[in-house]
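Asks: Provided below: run-v2.cif, containing mmCIF, N, CA and C atoms.
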```
data_final
loop_
_atom_site.group_PDB
_atom_site.id
_atom_site.type_symbol
_atom_site.label_atom_id
_atom_site.label_comp_id
_atom_site.auth_asym_id
_atom_site.auth_seq_id
_atom_site.Cartn_x
_atom_site.Cartn_y
_atom_site.Cartn_z
ATOM 1 N N MET A 278 152.498 98.542 28.471
ATOM 2 C CA MET A 278 153.599 99.111 29.205
ATOM 3 C C MET A 278 154.810 99.289 28.300
ATOM 4 N N PRO A 279 154.731 100.131 27.292
ATOM 5 C CA PRO A 279 155.918 100.362 26.487
ATOM 6 C C PRO A 279 157.063 100.913 27.334
ATOM 7 N N LEU A 280 158.209 100.289 27.182
ATOM 8 C CA LEU A 280 159.426 100.687 27.876
ATOM 9 C C LEU A 280 160.399 101.156 26.802
ATOM 10 N N CYS A 281 160.753 102.440 26.845
ATOM 11 C CA CYS A 281 161.569 103.050 25.802
ATOM 12 C C CYS A 281 162.912 103.495 26.369
ATOM 13 N N TYR A 282 163.984 102.991 25.755
ATOM 14 C CA TYR A 282 165.343 103.376 26.118
ATOM 15 C C TYR A 282 165.920 104.202 24.976
ATOM 16 N N ILE A 283 166.295 105.412 25.268
ATOM 17 C CA ILE A 283 166.915 106.280 24.271
ATOM 18 C C ILE A 283 168.354 106.529 24.712
ATOM 19 N N HIS A 284 169.265 106.151 23.845
ATOM 20 C CA HIS A 284 170.685 106.421 24.074
ATOM 21 C C HIS A 284 171.126 107.450 23.046
ATOM 22 N N THR A 285 171.820 108.455 23.517
ATOM 23 C CA THR A 285 172.303 109.504 22.616
ATOM 24 C C THR A 285 173.679 109.984 23.065
ATOM 25 N N ASN A 286 174.440 110.431 22.091
ATOM 26 C CA ASN A 286 175.732 111.024 22.433
ATOM 27 C C ASN A 286 175.619 112.530 22.670
ATOM 28 N N LYS A 287 174.404 113.041 22.629
ATOM 29 C CA LYS A 287 174.209 114.438 23.008
ATOM 30 C C LYS A 287 174.368 114.564 24.526
ATOM 31 N N LYS A 288 174.800 115.731 24.965
ATOM 32 C CA LYS A 288 174.995 115.972 26.400
ATOM 33 C C LYS A 288 173.648 116.179 27.092
ATOM 34 N N GLU A 289 173.620 115.892 28.369
ATOM 35 C CA GLU A 289 172.426 116.138 29.193
ATOM 36 C C GLU A 289 171.972 117.589 29.043
ATOM 37 N N SER A 290 172.911 118.511 29.043
ATOM 38 C CA SER A 290 172.573 119.941 28.955
ATOM 39 C C SER A 290 171.981 120.327 27.597
ATOM 40 N N ASP A 291 172.142 119.474 26.586
ATOM 41 C CA ASP A 291 171.585 119.745 25.261
ATOM 42 C C ASP A 291 170.141 119.257 25.115
ATOM 43 N N LEU A 292 169.643 118.511 26.086
ATOM 44 C CA LEU A 292 168.285 117.978 26.007
ATOM 45 C C LEU A 292 167.283 119.027 26.477
ATOM 46 N N LYS A 293 166.176 119.108 25.766
ATOM 47 C CA LYS A 293 165.143 120.087 26.095
ATOM 48 C C LYS A 293 164.399 119.685 27.363
ATOM 49 N N GLU A 294 164.031 120.681 28.142
ATOM 50 C CA GLU A 294 163.235 120.453 29.350
ATOM 51 C C GLU A 294 161.907 119.796 28.962
ATOM 52 N N GLY A 295 161.510 118.770 29.687
ATOM 53 C CA GLY A 295 160.230 118.112 29.447
ATOM 54 C C GLY A 295 160.239 117.100 28.307
ATOM 55 N N ILE A 296 161.415 116.768 27.791
ATOM 56 C CA ILE A 296 161.516 115.848 26.658
ATOM 57 C C ILE A 296 160.882 114.486 26.963
ATOM 58 N N GLU A 297 161.028 114.027 28.193
ATOM 59 C CA GLU A 297 160.501 112.704 28.551
ATOM 60 C C GLU A 297 158.989 112.632 28.353
ATOM 61 N N LEU A 298 158.283 113.625 28.829
ATOM 62 C CA LEU A 298 156.821 113.625 28.713
ATOM 63 C C LEU A 298 156.380 113.770 27.262
ATOM 64 N N ARG A 299 157.056 114.615 26.508
ATOM 65 C CA ARG A 299 156.680 114.782 25.105
ATOM 66 C C ARG A 299 156.923 113.505 24.303
ATOM 67 N N LEU A 300 158.053 112.852 24.555
ATOM 68 C CA LEU A 300 158.317 111.584 23.873
ATOM 69 C C LEU A 300 157.303 110.523 24.296
ATOM 70 N N ALA A 301 157.017 110.451 25.578
ATOM 71 C CA ALA A 301 156.039 109.472 26.068
ATOM 72 C C ALA A 301 154.679 109.695 25.423
ATOM 73 N N ALA A 302 154.232 110.933 25.388
ATOM 74 C CA ALA A 302 152.923 111.241 24.797
ATOM 75 C C ALA A 302 152.897 110.920 23.303
ATOM 76 N N GLY A 303 153.961 111.271 22.603
ATOM 77 C CA GLY A 303 154.021 111.013 21.169
ATOM 78 C C GLY A 303 154.049 109.530 20.843
ATOM 79 N N ILE A 304 154.889 108.784 21.530
ATOM 80 C CA ILE A 304 154.995 107.345 21.270
ATOM 81 C C ILE A 304 153.719 106.634 21.705
ATOM 82 N N ALA A 305 153.127 107.041 22.815
ATOM 83 C CA ALA A 305 151.855 106.453 23.265
ATOM 84 C C ALA A 305 150.780 106.643 22.200
ATOM 85 N N HIS A 306 150.717 107.835 21.649
ATOM 86 C CA HIS A 306 149.728 108.116 20.606
ATOM 87 C C HIS A 306 149.970 107.246 19.364
ATOM 88 N N ILE A 307 151.221 107.190 18.931
ATOM 89 C CA ILE A 307 151.567 106.423 17.729
ATOM 90 C C ILE A 307 151.249 104.941 17.901
ATOM 91 N N LEU A 308 151.538 104.396 19.079
ATOM 92 C CA LEU A 308 151.325 102.968 19.327
ATOM 93 C C LEU A 308 149.932 102.654 19.869
ATOM 94 N N SER A 309 149.116 103.689 20.083
ATOM 95 C CA SER A 309 147.775 103.535 20.675
ATOM 96 C C SER A 309 147.846 102.848 22.049
ATOM 97 N N LYS A 310 148.767 103.333 22.854
ATOM 98 C CA LYS A 310 148.940 102.842 24.224
ATOM 99 C C LYS A 310 148.622 103.990 25.186
ATOM 100 N N PRO A 311 148.149 103.689 26.395
ATOM 101 C CA PRO A 311 147.862 104.762 27.358
ATOM 102 C C PRO A 311 149.138 105.447 27.866
ATOM 103 N N LEU A 312 149.088 106.753 27.927
ATOM 104 C CA LEU A 312 150.237 107.536 28.378
ATOM 105 C C LEU A 312 150.698 107.110 29.772
ATOM 106 N N GLU A 313 149.760 106.815 30.648
ATOM 107 C CA GLU A 313 150.135 106.463 32.019
ATOM 108 C C GLU A 313 150.908 105.150 32.110
ATOM 109 N N ARG A 314 150.945 104.385 31.029
ATOM 110 C CA ARG A 314 151.690 103.118 31.021
ATOM 111 C C ARG A 314 153.084 103.258 30.421
ATOM 112 N N MET A 315 153.396 104.426 29.898
ATOM 113 C CA MET A 315 154.678 104.642 29.219
ATOM 114 C C MET A 315 155.824 104.800 30.209
ATOM 115 N N ILE A 316 156.968 104.247 29.839
ATOM 116 C CA ILE A 316 158.213 104.447 30.590
ATOM 117 C C ILE A 316 159.260 104.932 29.585
ATOM 118 N N ILE A 317 159.877 106.058 29.877
ATOM 119 C CA ILE A 317 160.914 106.636 29.021
ATOM 120 C C ILE A 317 162.195 106.751 29.834
ATOM 121 N N ILE A 318 163.259 106.165 29.325
ATOM 122 C CA ILE A 318 164.573 106.270 29.961
ATOM 123 C C ILE A 318 165.521 106.864 28.933
ATOM 124 N N ILE A 319 166.086 108.016 29.258
ATOM 125 C CA ILE A 319 167.024 108.676 28.343
ATOM 126 C C ILE A 319 168.416 108.622 28.954
ATOM 127 N N VAL A 320 169.347 108.104 28.175
ATOM 128 C CA VAL A 320 170.734 108.011 28.614
ATOM 129 C C VAL A 320 171.567 108.903 27.691
ATOM 130 N N PRO A 321 171.887 110.125 28.155
ATOM 131 C CA PRO A 321 172.702 111.027 27.336
ATOM 132 C C PRO A 321 174.186 110.746 27.533
ATOM 133 N N GLY A 322 174.983 111.321 26.648
ATOM 134 C CA GLY A 322 176.431 111.281 26.821
ATOM 135 C C GLY A 322 177.092 109.938 26.546
ATOM 136 N N VAL A 323 176.426 109.056 25.815
ATOM 137 C CA VAL A 323 177.055 107.770 25.498
ATOM 138 C C VAL A 323 178.005 107.944 24.319
ATOM 139 N N ARG A 324 178.950 107.066 24.220
ATOM 140 C CA ARG A 324 179.844 107.065 23.056
ATOM 141 C C ARG A 324 179.131 106.280 21.970
ATOM 142 N N LEU A 325 178.838 106.925 20.854
ATOM 143 C CA LEU A 325 178.003 106.342 19.820
ATOM 144 C C LEU A 325 178.586 106.632 18.447
ATOM 145 N N LEU A 326 178.707 105.598 17.640
ATOM 146 C CA LEU A 326 179.179 105.728 16.270
ATOM 147 C C LEU A 326 178.060 105.282 15.338
ATOM 148 N N ARG A 327 177.741 106.096 14.335
ATOM 149 C CA ARG A 327 176.714 105.753 13.340
ATOM 150 C C ARG A 327 177.204 106.242 11.995
ATOM 151 N N HIS A 328 177.150 105.399 10.990
ATOM 152 C CA HIS A 328 177.646 105.742 9.652
ATOM 153 C C HIS A 328 179.073 106.293 9.701
ATOM 154 N N GLU A 329 179.919 105.626 10.460
ATOM 155 C CA GLU A 329 181.333 105.993 10.576
ATOM 156 C C GLU A 329 181.548 107.394 11.142
ATOM 157 N N SER A 330 180.578 107.890 11.902
ATOM 158 C CA SER A 330 180.673 109.244 12.449
ATOM 159 C C SER A 330 180.192 109.253 13.901
ATOM 160 N N THR A 331 180.821 110.099 14.694
ATOM 161 C CA THR A 331 180.377 110.302 16.074
ATOM 162 C C THR A 331 179.558 111.584 16.208
ATOM 163 N N SER A 332 179.085 112.115 15.090
ATOM 164 C CA SER A 332 178.182 113.275 15.135
ATOM 165 C C SER A 332 176.950 112.903 15.958
ATOM 166 N N PRO A 333 176.224 113.893 16.493
ATOM 167 C CA PRO A 333 175.057 113.590 17.315
ATOM 168 C C PRO A 333 174.104 112.594 16.639
ATOM 169 N N ALA A 334 173.690 111.599 17.437
ATOM 170 C CA ALA A 334 172.823 110.528 16.951
ATOM 171 C C ALA A 334 172.081 109.942 18.146
ATOM 172 N N CYS A 335 171.159 109.021 17.853
ATOM 173 C CA CYS A 335 170.459 108.330 18.938
ATOM 174 C C CYS A 335 169.984 106.959 18.495
ATOM 175 N N THR A 336 169.771 106.106 19.472
ATOM 176 C CA THR A 336 169.080 104.845 19.250
ATOM 177 C C THR A 336 167.883 104.834 20.188
ATOM 178 N N LEU A 337 166.788 104.278 19.709
ATOM 179 C CA LEU A 337 165.584 104.140 20.520
ATOM 180 C C LEU A 337 165.178 102.673 20.480
ATOM 181 N N ASN A 338 165.181 102.027 21.630
ATOM 182 C CA ASN A 338 164.701 100.659 21.761
ATOM 183 C C ASN A 338 163.339 100.727 22.433
ATOM 184 N N ILE A 339 162.314 100.244 21.740
ATOM 185 C CA ILE A 339 160.963 100.240 22.294
ATOM 186 C C ILE A 339 160.555 98.798 22.563
ATOM 187 N N ASN A 340 160.251 98.514 23.816
ATOM 188 C CA ASN A 340 159.778 97.200 24.245
ATOM 189 C C ASN A 340 158.297 97.329 24.561
ATOM 190 N N ALA A 341 157.464 96.508 23.913
ATOM 191 C CA ALA A 341 156.023 96.602 24.150
ATOM 192 C C ALA A 341 155.359 95.258 23.840
ATOM 193 N N ILE A 342 154.144 95.116 24.337
ATOM 194 C CA ILE A 342 153.362 93.895 24.152
ATOM 195 C C ILE A 342 152.340 94.092 23.045
ATOM 196 N N GLY A 343 152.382 93.212 22.059
ATOM 197 C CA GLY A 343 151.313 93.116 21.075
ATOM 198 C C GLY A 343 151.122 94.239 20.086
ATOM 199 N N VAL A 344 152.148 95.035 19.813
ATOM 200 C CA VAL A 344 151.963 96.104 18.829
ATOM 201 C C VAL A 344 152.955 96.050 17.676
ATOM 202 N N PHE A 345 153.944 95.171 17.761
ATOM 203 C CA PHE A 345 154.978 95.141 16.736
ATOM 204 C C PHE A 345 154.854 93.916 15.836
ATOM 205 N N ASP A 346 154.934 94.171 14.526
ATOM 206 C CA ASP A 346 154.988 93.103 13.536
ATOM 207 C C ASP A 346 155.421 93.727 12.207
ATOM 208 N N ALA A 347 155.670 92.865 11.234
ATOM 209 C CA ALA A 347 156.184 93.334 9.943
ATOM 210 C C ALA A 347 155.230 94.282 9.233
ATOM 211 N N GLU A 348 153.952 94.162 9.482
ATOM 212 C CA GLU A 348 152.964 95.019 8.825
ATOM 213 C C GLU A 348 152.872 96.400 9.468
ATOM 214 N N ARG A 349 152.883 96.458 10.790
ATOM 215 C CA ARG A 349 152.696 97.736 11.493
ATOM 216 C C ARG A 349 153.979 98.542 11.689
ATOM 217 N N ASN A 350 155.109 97.870 11.886
ATOM 218 C CA ASN A 350 156.350 98.599 12.190
ATOM 219 C C ASN A 350 156.678 99.698 11.178
ATOM 220 N N PRO A 351 156.541 99.430 9.859
ATOM 221 C CA PRO A 351 156.848 100.505 8.905
ATOM 222 C C PRO A 351 155.926 101.721 9.029
ATOM 223 N N THR A 352 154.739 101.537 9.582
ATOM 224 C CA THR A 352 153.843 102.685 9.759
ATOM 225 C C THR A 352 154.252 103.518 10.974
ATOM 226 N N TYR A 353 154.897 102.889 11.954
ATOM 227 C CA TYR A 353 155.333 103.609 13.150
ATOM 228 C C TYR A 353 156.592 104.442 12.898
ATOM 229 N N SER A 354 157.512 103.891 12.129
ATOM 230 C CA SER A 354 158.850 104.481 12.013
ATOM 231 C C SER A 354 158.875 105.941 11.578
ATOM 232 N N PRO A 355 158.154 106.355 10.529
ATOM 233 C CA PRO A 355 158.246 107.770 10.127
ATOM 234 C C PRO A 355 157.804 108.731 11.237
ATOM 235 N N ALA A 356 156.721 108.416 11.917
ATOM 236 C CA ALA A 356 156.217 109.307 12.969
ATOM 237 C C ALA A 356 157.153 109.335 14.175
ATOM 238 N N ILE A 357 157.688 108.175 14.544
ATOM 239 C CA ILE A 357 158.601 108.136 15.690
ATOM 240 C C ILE A 357 159.911 108.832 15.347
ATOM 241 N N LYS A 358 160.414 108.623 14.130
ATOM 242 C CA LYS A 358 161.651 109.315 13.732
ATOM 243 C C LYS A 358 161.451 110.824 13.726
ATOM 244 N N LYS A 359 160.307 111.278 13.262
ATOM 245 C CA LYS A 359 160.008 112.714 13.257
ATOM 246 C C LYS A 359 160.020 113.259 14.686
ATOM 247 N N LEU A 360 159.445 112.513 15.593
ATOM 248 C CA LEU A 360 159.433 112.899 17.008
ATOM 249 C C LEU A 360 160.865 113.005 17.547
ATOM 250 N N LEU A 361 161.693 112.008 17.262
ATOM 251 C CA LEU A 361 163.092 112.036 17.703
ATOM 252 C C LEU A 361 163.842 113.212 17.073
ATOM 253 N N GLN A 362 163.622 113.424 15.786
ATOM 254 C CA GLN A 362 164.269 114.545 15.094
ATOM 255 C C GLN A 362 163.921 115.869 15.753
ATOM 256 N N ASP A 363 162.644 116.072 16.033
ATOM 257 C CA ASP A 363 162.193 117.331 16.625
ATOM 258 C C ASP A 363 162.729 117.521 18.038
ATOM 259 N N GLU A 364 162.655 116.473 18.839
ATOM 260 C CA GLU A 364 163.044 116.597 20.248
ATOM 261 C C GLU A 364 164.553 116.635 20.457
ATOM 262 N N LEU A 365 165.289 115.878 19.643
ATOM 263 C CA LEU A 365 166.741 115.810 19.817
ATOM 264 C C LEU A 365 167.500 116.655 18.796
ATOM 265 N N GLU A 366 166.745 117.273 17.879
ATOM 266 C CA GLU A 366 167.341 118.105 16.839
ATOM 267 C C GLU A 366 168.404 117.318 16.072
ATOM 268 N N LEU A 367 167.954 116.178 15.523
ATOM 269 C CA LEU A 367 168.819 115.289 14.760
ATOM 270 C C LEU A 367 168.219 115.027 13.386
ATOM 271 N N PRO A 368 169.050 114.806 12.369
ATOM 272 C CA PRO A 368 168.513 114.373 11.084
ATOM 273 C C PRO A 368 168.041 112.917 11.179
ATOM 274 N N ALA A 369 167.107 112.540 10.327
ATOM 275 C CA ALA A 369 166.513 111.190 10.362
ATOM 276 C C ALA A 369 167.560 110.089 10.281
ATOM 277 N N GLU A 370 168.577 110.285 9.454
ATOM 278 C CA GLU A 370 169.580 109.232 9.281
ATOM 279 C C GLU A 370 170.463 109.034 10.510
ATOM 280 N N ARG A 371 170.336 109.932 11.495
ATOM 281 C CA ARG A 371 171.107 109.800 12.738
ATOM 282 C C ARG A 371 170.279 109.156 13.853
ATOM 283 N N CYS A 372 169.076 108.698 13.517
ATOM 284 C CA CYS A 372 168.172 108.064 14.490
ATOM 285 C C CYS A 372 167.906 106.618 14.078
ATOM 286 N N VAL A 373 168.039 105.704 15.016
ATOM 287 C CA VAL A 373 167.769 104.287 14.771
ATOM 288 C C VAL A 373 166.717 103.818 15.780
ATOM 289 N N ILE A 374 165.714 103.090 15.288
ATOM 290 C CA ILE A 374 164.656 102.558 16.153
ATOM 291 C C ILE A 374 164.713 101.039 16.093
ATOM 292 N N VAL A 375 164.664 100.402 17.256
ATOM 293 C CA VAL A 375 164.618 98.942 17.341
ATOM 294 C C VAL A 375 163.359 98.569 18.110
ATOM 295 N N TYR A 376 162.518 97.742 17.491
ATOM 296 C CA TYR A 376 161.270 97.310 18.115
ATOM 297 C C TYR A 376 161.459 95.937 18.745
ATOM 298 N N HIS A 377 161.014 95.808 19.994
ATOM 299 C CA HIS A 377 161.090 94.536 20.713
ATOM 300 C C HIS A 377 159.679 94.149 21.148
ATOM 301 N N ASP A 378 159.186 93.044 20.608
ATOM 302 C CA ASP A 378 157.865 92.550 20.989
ATOM 303 C C ASP A 378 158.021 91.705 22.250
ATOM 304 N N LEU A 379 157.329 92.106 23.311
ATOM 305 C CA LEU A 379 157.458 91.407 24.595
ATOM 306 C C LEU A 379 156.332 90.407 24.796
ATOM 307 N N ASP A 380 156.654 89.306 25.447
ATOM 308 C CA ASP A 380 155.684 88.326 25.880
ATOM 309 C C ASP A 380 155.217 88.752 27.270
ATOM 310 N N LYS A 381 153.915 88.930 27.455
ATOM 311 C CA LYS A 381 153.395 89.416 28.743
ATOM 312 C C LYS A 381 153.771 88.511 29.903
ATOM 313 N N ASN A 382 154.097 87.260 29.625
ATOM 314 C CA ASN A 382 154.477 86.323 30.679
ATOM 315 C C ASN A 382 155.887 86.564 31.216
ATOM 316 N N PHE A 383 156.634 87.447 30.557
ATOM 317 C CA PHE A 383 157.994 87.736 30.984
ATOM 318 C C PHE A 383 158.131 89.127 31.598
ATOM 319 N N LEU A 384 157.019 89.694 32.030
ATOM 320 C CA LEU A 384 157.015 90.994 32.718
ATOM 321 C C LEU A 384 156.449 90.808 34.116
ATOM 322 N N GLY A 385 156.944 91.589 35.037
ATOM 323 C CA GLY A 385 156.439 91.464 36.407
ATOM 324 C C GLY A 385 156.281 92.791 37.068
#
```
Any chance you could put this one into structure tokens?

Replies:
Amino acid sequence: MPLCYIHTNKKESDLKEGIELRLAAGIAHILSKPLERMIIIIVPGVRLLRHESTSPACTLNINAIGVFDAERNPTYSPAIKKLLQDELELPAERCVIVYHDLDKNFLG
């Protein structure tokens, strides 16, 4: 059940139609998780500063069970950043990914 929170300072009107499904499908594929278990929450219009700039940027927090560790995370990042770049039309340095490994006992 990957739970993905995307915060961006881009406006709602700047987001492409169907972005949620495309991000869900892409991240599900990258993490080898079933698409039907994906949850994508996009919060546009946040006030966001990155590298001393308020230019368009995003953060992606991915919460999932049993897929994150020091060995695998570096293999996920390039593909996920590419997905964010394509969907949000952002350069790689304007995208930040945070991985959260969840304990299944803390989900309900």

Asks: I'd like to see the residues matched by the PyMOL selection byres (((chain A and resi 316 and name CA) around 10) and name CA) on this file, and ideally I'd get them as a ChimeraX atom specification.

Replies: /A:278-282,297-298,300-301,305,312-315,317-318,339-340

Asks: How would you write, as a list in words, the residues chosen by the PyMOL selection byres ((chain A and resi 365-375) around 6) on this structure?

Replies: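 Checked against the file, the PyMOL selection byres ((chain A and resi 365-375) around 6) matches Pro333, Ala334, Cys335, Thr336, Leu337, Asn338, Ile339, Leu360, Leu361, Gln362, Asp363, Glu364, Tyr376 and His377 of chain A.
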
Asks: What does the structure give for the distance between atom CA of Lys287 of chain A and atom CA of Gly322 of chain A, in Å to one decimal?

Replies: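 Value for the atom CA of Lys287 of chain A-atom CA of Gly322 of chain A distance: 5.4 Å.
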
Asks: Write out as a PyMOL selection string the residues lying within 8 Å of Asp380 of chain A, counting only N, CA and C atoms and excluding same-chain residues fewer than 6 positions away.

Replies: chain A and resi 341-343

Asks: If you measure from atom CA of Pro311 of chain A to atom CA of Lys293 of chain A, what distance in Å do you get, rounded to one decimal?

Replies: 23.1 Å

Asks: Return as JSON the box centre and box size in Å, one decimal, for an axis-aligned box around all listed atoms of segment 335-352 of chain A padded by 8 Å per side.

Replies:
```
{"center_x": 161.1, "center_y": 100.9, "center_z": 16.7, "size_x": 36.0, "size_y": 32.2, "size_z": 31.7}
```

Asks: List the spatial neighbours of Val323 of chain A as a list in words - criterion: any atom at most 6 Å away, all atoms listed in the file, same-chain residues fewer than 3 positions off excluded.

Replies: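 Near neighbours after the sequence-gap exclusion: Thr285, Asn286, Lys287 and Val320 of chain A.
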
Asks: Just give me the gap between atom N of Arg327 of chain A and atom C of His284 of chain A in Å, one decimal is fine.

Replies: 11.0 Å

Asks: Excluding segment 352-354 of chain A and its own-chain neighbours fewer than 5 positions away, which residues fall within 9 Å of it when counting only C-alpha atoms? Please give them as a PyMOL selection string.

Replies: chain A and resi 304+307-308+359+374

Asks: Return as a ChimeraX atom specification the full set of residues in segment 304-359 of chain A whose backbone-based DSSP assignment is helix (DSSP H, G or I).

Replies: /A:304-308,312-314,350-359
